[in-house]
Each structure stands twice: as C-alpha cells, then as structure tokens.
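Data block below; observations after.
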Amino acid sequence: MSTNFYIQAQIPSVYQKWWLDFKTNKLALNALVIFITILLIAIFANIIAPFDPTTQFENAAHRPPFWYNNGDGRFLLGTDDLGRDLFSRLVYGARLSLSLASLVVIVSSIIGISFGAFLAFSASWVDTPIMKIMSFILSLPSLLLAIVIVAIIGPGLPNAIYAVMLVLIPHFLISTRSAIKLELKNEYTTAMCLDGANQFQLLFYAILPNILPSLVLQMVVAFSTAILEIAALGFLGLGAQAPYPEWGTILSESYDYLVFAPWSVAVPGLAIFFTILSINLVAEGLRDVMNIEKHR
Amino acid sequence: MFRIFIRQILNLTSSFFLLCFFTFILCDYFFPEGLSFIIPIDSFNSSETGFLSQIILYFSRFFEYLSNVLTGRLGYSISRGISISDEIIHYLPASMELAFVTLALSLTFGLWLGTIAAKCKDKWQDKLILSVTLIGYSLPIFWWAMLLVLFFSMWLGITPVASRIGFEYDIDVVTGFLLFDSLLSPRYGFDAFISVIHHMILPVIVLGTIPLAAITRVTRSSMIKTLSEDYINNAIVRGIPTLSITWKHALRNAFEPILTSLSLQISSIITGAIITESIFAWPGAGKWLLEAVYRRDFPVIHGGLLITAGIVIFIYITLDYISMWLNPKLRDRSS
C-alpha cells in the first residue's frame, strides 16, 4: 500500500475552481441539469419523439393531454388543431430552437469578437465611426430592428435568423472592444509587449484568457436572447412558417384555440419559459462564480 | 452644465442624422422605386455617369430626403392612402400612453420592491422578491399575455381582452391620450375613465413585467452596495429616521445604475409594445407597424422605424443628460 507522504495541497486550476464554486450554488446546478436535459432532448429528438412532427392523425384533432379524462394515451401532451402530436412537435421544436439559437450565437459572436478585437488593436480612424454606428444600432430596440430587417428581406426562417444575428453582433463587438481596451491598460500586457510579443500572441495568450469569462457569460445571455427573439418572430408570423415545429409558431397557431384548448397554449410556452429560466439561472451562477459585476 | 447641454444637443443631432442616413441607405438599396414616396421620381434619372457626379447625385438626393423627412413629409401609406405623418399622430399617443403608464408603474414598484429586498437582504422577503423577479425576467411575454387573457378574461371574466375603451363610449379626440380625453369629455362622467383603466390593466401587466423585474434587481444590488457605505452608518448613528435614510440618503446615491438600466428597459418596452399591442388589439404604433410589415407597406415601415428610433435616441440622450446632471463625476469624461 503506497501512501503519499508528501501531503500536497491540491491547488485547483481556475476552471476547476469555477466548477467547485458553481457546485455550491444548488439553484444554478439544478438549472444546469435542466438545461442539459433539454439539450439532450433536442439532440435525441428523433428517438424521443413518438411521431413525426408533421404527421396528422385523422379524427384526433384537439385531443387533450393524458391527465384529462378524455385524454388519449398515445398523445402524451395532446394534439393540435390538425391532429399533430404536440409532444413530438415540442421535442422537434426544441431541436430547431436550440440549434438555430446556437448557430446564431456562434456566428454573431465570432464576427463580433473578431471585429471587436480588430478595432481594439488598430487605433485607426475607422474606430470612431464604427463605434458610433454600433452604439447607434445597439440603442435601437432589438426586436424592432429584427422586424424591420425581416420586413425588408421578407419573412421566413432563414431571414429571421439573419436578422437576429445582425442584432446580436453589436453586443459582442462593443463589449469585446471595451474589454480588450481595458486589458491593454494593464501592466501584464505591457510586460508582454516588452518581451516582444506581437499582437496575435498578445491577443491569444494574454488577453483572451482574461476576458474569456465575460465573453462566455455574454454568449450564454445571448443564447437566451436568441431563443426568445426567434420565438417572438415566429409568434408574430415573421420567422418560421406554418409546418415548422418552432415554439413561437406553435404558440401562435394554438392562440386561436385559447379557450377551447388551453393546454395547447400552456405547454409550448412552458417549454420556452423553462429553457429561458434555466439559461438565466446558469448565467446568474456563472456571474457569481466569475466575479463579474452584475448588470453591466 | 451648459457645455454638456450643447454637447448632448450635438449628439442628438448627429445621431438623428445618422439614423436618417441609415434609413436612406436601406431604402435606396432595397427598394429604390419605393423611395419615390419621399423624393420626386425625376431626381433618380441622370444622364451623367462619372463617379464623382454619381456621388454628388447620391448626396443631393439624400439631402432632399432629409429635408422632406425633417418637415414631416413622409409620403403616403400604400394600402390606405393616408399621409404617414397623420397616421403617426393618430397611432402614437395610444402607444405612448401605454408606455408611460407601464414605465411609471414599473419604476415605482421596482424601486419599492428593490429597496425592500435590499433592506431585508438574505431574509425571506429578499429571496421571494429575487426568485419572483427572476421568473418574471424569463417569461416570454407573448405567452404571459396569453396566460393572463386565459385566466382573467376567459375563466374569471373580469378584464376585457381587446382595444382601449369600451365600445359604448364615444370620446372626442383632444390629446389622443384616452386617460385625459375620457376625463375631458363630459358625456359619460367618470365611467369612461374607469373603462380606460379597465382596458389598460392586462396590457400594462404584460408590458411591465420585464422592466419591473429588471429595475427591481438593479435597485436591490445598487441599494445593497449603498446601504453598506460608511455615511449610511453615520446617518443611523446620528439618529435620522430609517425611512429618510433609505429614501433620501441611499436611494439618491444608488440611482445611477438604475438610470442606466432604465434606458435599457425603454427599448425592451418598445419591443414588448409591438407584441403586446398585437395581442391585445391595442390601436397603437406597434400594431400599426406590424400590420404594415404583413402588408409590406414600405412607406409605413419606413415612417414607423424613423419615428420609433428617433424617440428611442431622444430618450437615451435625455437620460444620459439626467445622469450627468445627477452625478458630476460623469460630466468630464471625454466623448
């Protein structure tokens, strides 16, 4: 039996420390579990969903969920006005919403962060006008801007995605630029400059690791914004169109039957609500862990 | 302070100029024939092909556009043939009424609840307020609106679901704000006013949920920071009543982050107003704009974007001025 005589204090790395801190926050941890569950449901949608989201069952329109007396065991959460299984539609809707939202966040964060880094490093004349334009776009209400963009390029899911991307880019750009500008004032970056690091080395080895927490947090927040915005556009009939099982679209379809079939309104909304709530709770937990100042 | 005032005015002008240029480029690029609703069509045709003369032409067209926009000639709606500026005057007061009431209520309650939460930090009141605001912050407002309609209008039957006032009332338009107009018209006495309030309850709750949650959270965190300062302890030791300490000493100093979050909430209110108005059939600018999008009525979309963005910019810069007026430290930053 080998015993370690040298009792070494295990010093956790930064990421381990974040995780250890995060674990103590029970609420955020539960939210993370819920979010991962939703994510898994979205990934394995074709296994979990009992039916195809667009299959219509004749003579089965407006079936209530299973806990009602006249509920049908086949349709877990009931059916909609065309006899499509609501549970399958929601599961596929999770896949659609989450994948589109992550696509939006990834594309807009890559564009925003790279342009922001470029602007922060190049103290050229383009900085001022671009910042002026970006803060101007940022000041416009996001959904209004998305609606106008959709109005110009026409309704439809791809166009709604472009609109939400365009709306999110300035957020990333401005915060990256100001964060890098702040880091550049610190002494460690000066030291690295004196060591002869070029700007790429400075960015990737010194600055990015330091601003990573706030960027990750912003991506998490942007993720929930993207889900909400896509759902809102879908609800207003400007995003995903009818046959798509998108959460906002499902809600707007079932709004006509609000009195007659209240469950078909309540359940899709609950899906959106729980997704957003879990993301917000995780973001809150991350904010506490990473010691980022609340409410920017 | 006067210098800052001048600077803010310049800021406002440049932002509005940028906005006009932005809308001009959008119109010009995406539907040049559509721009004819503002600029006479003959200024598009030019025989000159040189680069410089093209640019000159472009800018001369822009300035023509700008002068038309600034004098309120925004063209005519394609589907209804009404002048856009008349439509704006007709629809905007309804939205502004909703927005003002929402903002006033959510600010009042947000400050109140946030202060309570900060004073009872880590007690059950604080936890309750925090969790409720977190839920409120995560609600998709279109779903929230449906739930409220379902519960209060369909099941309990105590609130109306649509429009601004009961159909039996015929109110003369004086200011466009029905809250005032209903009091001004002598025909129905107080009943019309009650009806207006009655119609306003659900839209205001729906629209105000997110601003209320955000303001409460900001107030709480800012007040916690302020209440732990030394001068608050000093005030307590001096025997100043607690109410006076919280509302006079602490809240004033805690107000700056609240003001910043308020300006963010303005845009969330405008965003929410589009959805809320379309659900509750509130005849305001948001619904008007959305219907124009459905009909692809470009003059209306253009006019709506211009006026809404103009209002947002104006509010932003005013709030910025107010925060500089409140906090002298912000005044001498270079902008």
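In the structure tokens, chains take the letters A, B, ... in the order shown, each chain's residues start at 1, and ligands count up from 1 in the order shown.
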
For chain A against chain B, which residues fall within 6 Å using only C-alpha atoms, given as a short mmCIF file (atom, residue, chain, number, x, y, z; two decimals) with C-alpha atoms, in the first residue's frame?
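Final file, iface.cif:
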data_model
loop_
_atom_site.label_atom_id
_atom_site.label_comp_id
_atom_site.auth_asym_id
_atom_site.auth_seq_id
_atom_site.Cartn_x
_atom_site.Cartn_y
_atom_site.Cartn_z
CA PRO A 141 -34.84 48.06 -29.77
CA LEU A 143 -36.98 43.15 -31.93
CA ALA A 151 -39.72 43.27 -43.43
CA GLY A 269 -44.98 28.34 -23.55
CA PHE A 273 -40.12 29.50 -20.25
CA ILE A 276 -35.02 30.59 -20.75
CA LEU A 277 -35.28 30.32 -16.97
#

Extract, using only C-alpha atoms, all DNA, RNA and protein residues at most 12 Å from His171 in chain A, discarding same-chain residues fewer than 4 positions from it, and format them as a PyMOL selection string.
chain A and resi 105+108-113+115-116+131+134-140+142+164-167+175-178+215+218-219+221-222+225+296

Range 242-245 of chain B: which residues within 12 Å, counting only C-alpha atoms, same-chain residues fewer than 5 positions away excluded, as a PDB file with C-alpha atoms, in the first residue's frame?
ATOM      1  CA  TRP B 112     -40.075  49.997  -3.792  1.00  0.00           C
ATOM      2  CA  THR B 115     -35.434  48.694  -1.640  1.00  0.00           C
ATOM      3  CA  ILE B 116     -37.386  46.198   0.451  1.00  0.00           C
ATOM      4  CA  LYS B 119     -33.126  46.153   3.386  1.00  0.00           C
ATOM      5  CA  MET B 223     -29.032  49.668  -2.740  1.00  0.00           C
ATOM      6  CA  THR B 226     -25.014  51.906  -0.983  1.00  0.00           C
ATOM      7  CA  LEU B 227     -26.514  50.809   2.331  1.00  0.00           C
ATOM      8  CA  GLU B 229     -21.379  52.638   2.978  1.00  0.00           C
ATOM      9  CA  TYR B 231     -22.144  57.570   5.597  1.00  0.00           C
ATOM     10  CA  ILE B 232     -25.275  55.423   5.988  1.00  0.00           C
ATOM     11  CA  ASN B 233     -23.935  54.069   9.282  1.00  0.00           C
ATOM     12  CA  ASN B 234     -23.140  57.622  10.250  1.00  0.00           C
ATOM     13  CA  ALA B 235     -26.687  58.679   9.457  1.00  0.00           C
ATOM     14  CA  ILE B 236     -28.035  55.827  11.557  1.00  0.00           C
ATOM     15  CA  VAL B 237     -25.811  56.848  14.464  1.00  0.00           C
ATOM     16  CA  ALA B 250     -29.284  55.973  -0.029  1.00  0.00           C
ATOM     17  CA  LEU B 251     -31.633  55.965  -2.987  1.00  0.00           C
ATOM     18  CA  ARG B 252     -30.230  59.150  -4.474  1.00  0.00           C
ATOM     19  CA  ASN B 253     -26.759  57.712  -4.494  1.00  0.00           C
TER      20      ASN B 253
END

Helix (DSSP H, G or I) per DSSP on the backbone: members of range 102-301 of chain B, as an NGL selection string:
:B and (102-119 or 124-138 or 141-155 or 178-184 or 191-227 or 230-237 or 242-279 or 285-295 or 298-301)

Please indicate the distance in Å from CA of Pro209 in chain A to CA of Val104 in chain A, rounded to one decimal place.
23.0 Å

Near-Gly154 in chain A list (10 Å; only C-alpha atoms; drop same-chain fewer than 4 positions) as a tab-separated table (two decimals) with N, CA and C atoms, in the first residue's frame:
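Written output follows (part22.tsv):
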chain	number	residue	atom	x	y	z
A	147	ILE	N	-37.53	43.02	-36.81
A	147	ILE	CA	-38.76	43.08	-37.60
A	147	ILE	C	-38.54	43.87	-38.88
A	148	VAL	N	-37.81	44.99	-38.75
A	148	VAL	CA	-37.56	45.81	-39.94
A	148	VAL	C	-36.71	45.04	-40.94
A	149	ILE	N	-35.68	44.33	-40.44
A	149	ILE	CA	-34.83	43.56	-41.35
A	149	ILE	C	-35.65	42.49	-42.05
A	150	VAL	N	-36.49	41.79	-41.27
A	150	VAL	CA	-37.35	40.77	-41.87
A	150	VAL	C	-38.31	41.40	-42.87
A	158	PRO	N	-34.92	31.49	-42.48
A	158	PRO	CA	-33.54	31.93	-42.69
A	158	PRO	C	-33.37	33.43	-42.50
A	159	ASN	N	-34.34	34.20	-43.01
A	159	ASN	CA	-34.23	35.64	-42.88
A	159	ASN	C	-34.34	36.09	-41.43
A	160	ALA	N	-35.19	35.41	-40.67
A	160	ALA	CA	-35.29	35.74	-39.25
A	160	ALA	C	-33.96	35.46	-38.55
A	238	LEU	N	-43.40	36.18	-38.56
A	238	LEU	CA	-42.34	36.68	-39.44
A	238	LEU	C	-41.16	35.72	-39.50
A	239	GLY	N	-41.12	34.76	-38.58
A	239	GLY	CA	-40.00	33.82	-38.57
A	239	GLY	C	-40.38	32.51	-39.23
B	293	VAL	N	-45.86	45.61	-41.84
B	293	VAL	CA	-44.91	44.58	-42.24
B	293	VAL	C	-45.63	43.43	-42.94
B	294	TYR	N	-46.79	43.04	-42.40
B	294	TYR	CA	-47.55	41.97	-43.04
B	294	TYR	C	-47.97	42.37	-44.45
B	296	ARG	N	-46.47	44.53	-46.28
B	296	ARG	CA	-45.30	45.05	-46.99
B	296	ARG	C	-45.56	46.45	-47.50

For Ala118 in chain B, which of B:Tyr29, B:Val196, B:Ser228, B:Ser85 is the closest residue, counting only C-alpha atoms?
B:Ser228

Between A:Asp52, A:Glu183, A:Asp80, A:Asp195, which residue has the minimum interatomic distance to Tyr257 in chain A, considering only C-alpha atoms?
A:Asp80

Counting only C-alpha atoms, the option among B:Leu107, B:Leu74, B:Met324, B:Leu330 closest to Phe5 in chain B
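Ranking B:Leu107, B:Leu74, B:Met324, B:Leu330 by distance to Phe5 in chain B, first place goes to B:Met324.
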
As a PyMOL selection string, please: the residues near Ile197 in chain B (cut-off 12 Å, only C-alpha atoms, same-chain neighbours under 4 positions excluded).
chain B and resi 97-98+101+159-160+163-166+177-180+182-183+190-193+201-204

Need to verify the contact set: Val265 in chain A, 6 Å, only C-alpha atoms, exclusion of same-chain residues closer than 2 positions in sequence. Can you return it as a PyMOL selection string?
chain A and resi 251+254+262-263+267

One number please: CA of Ile317 in chain B to CA of Ile9 in chain B, in Å, one decimal.
8.5 Å
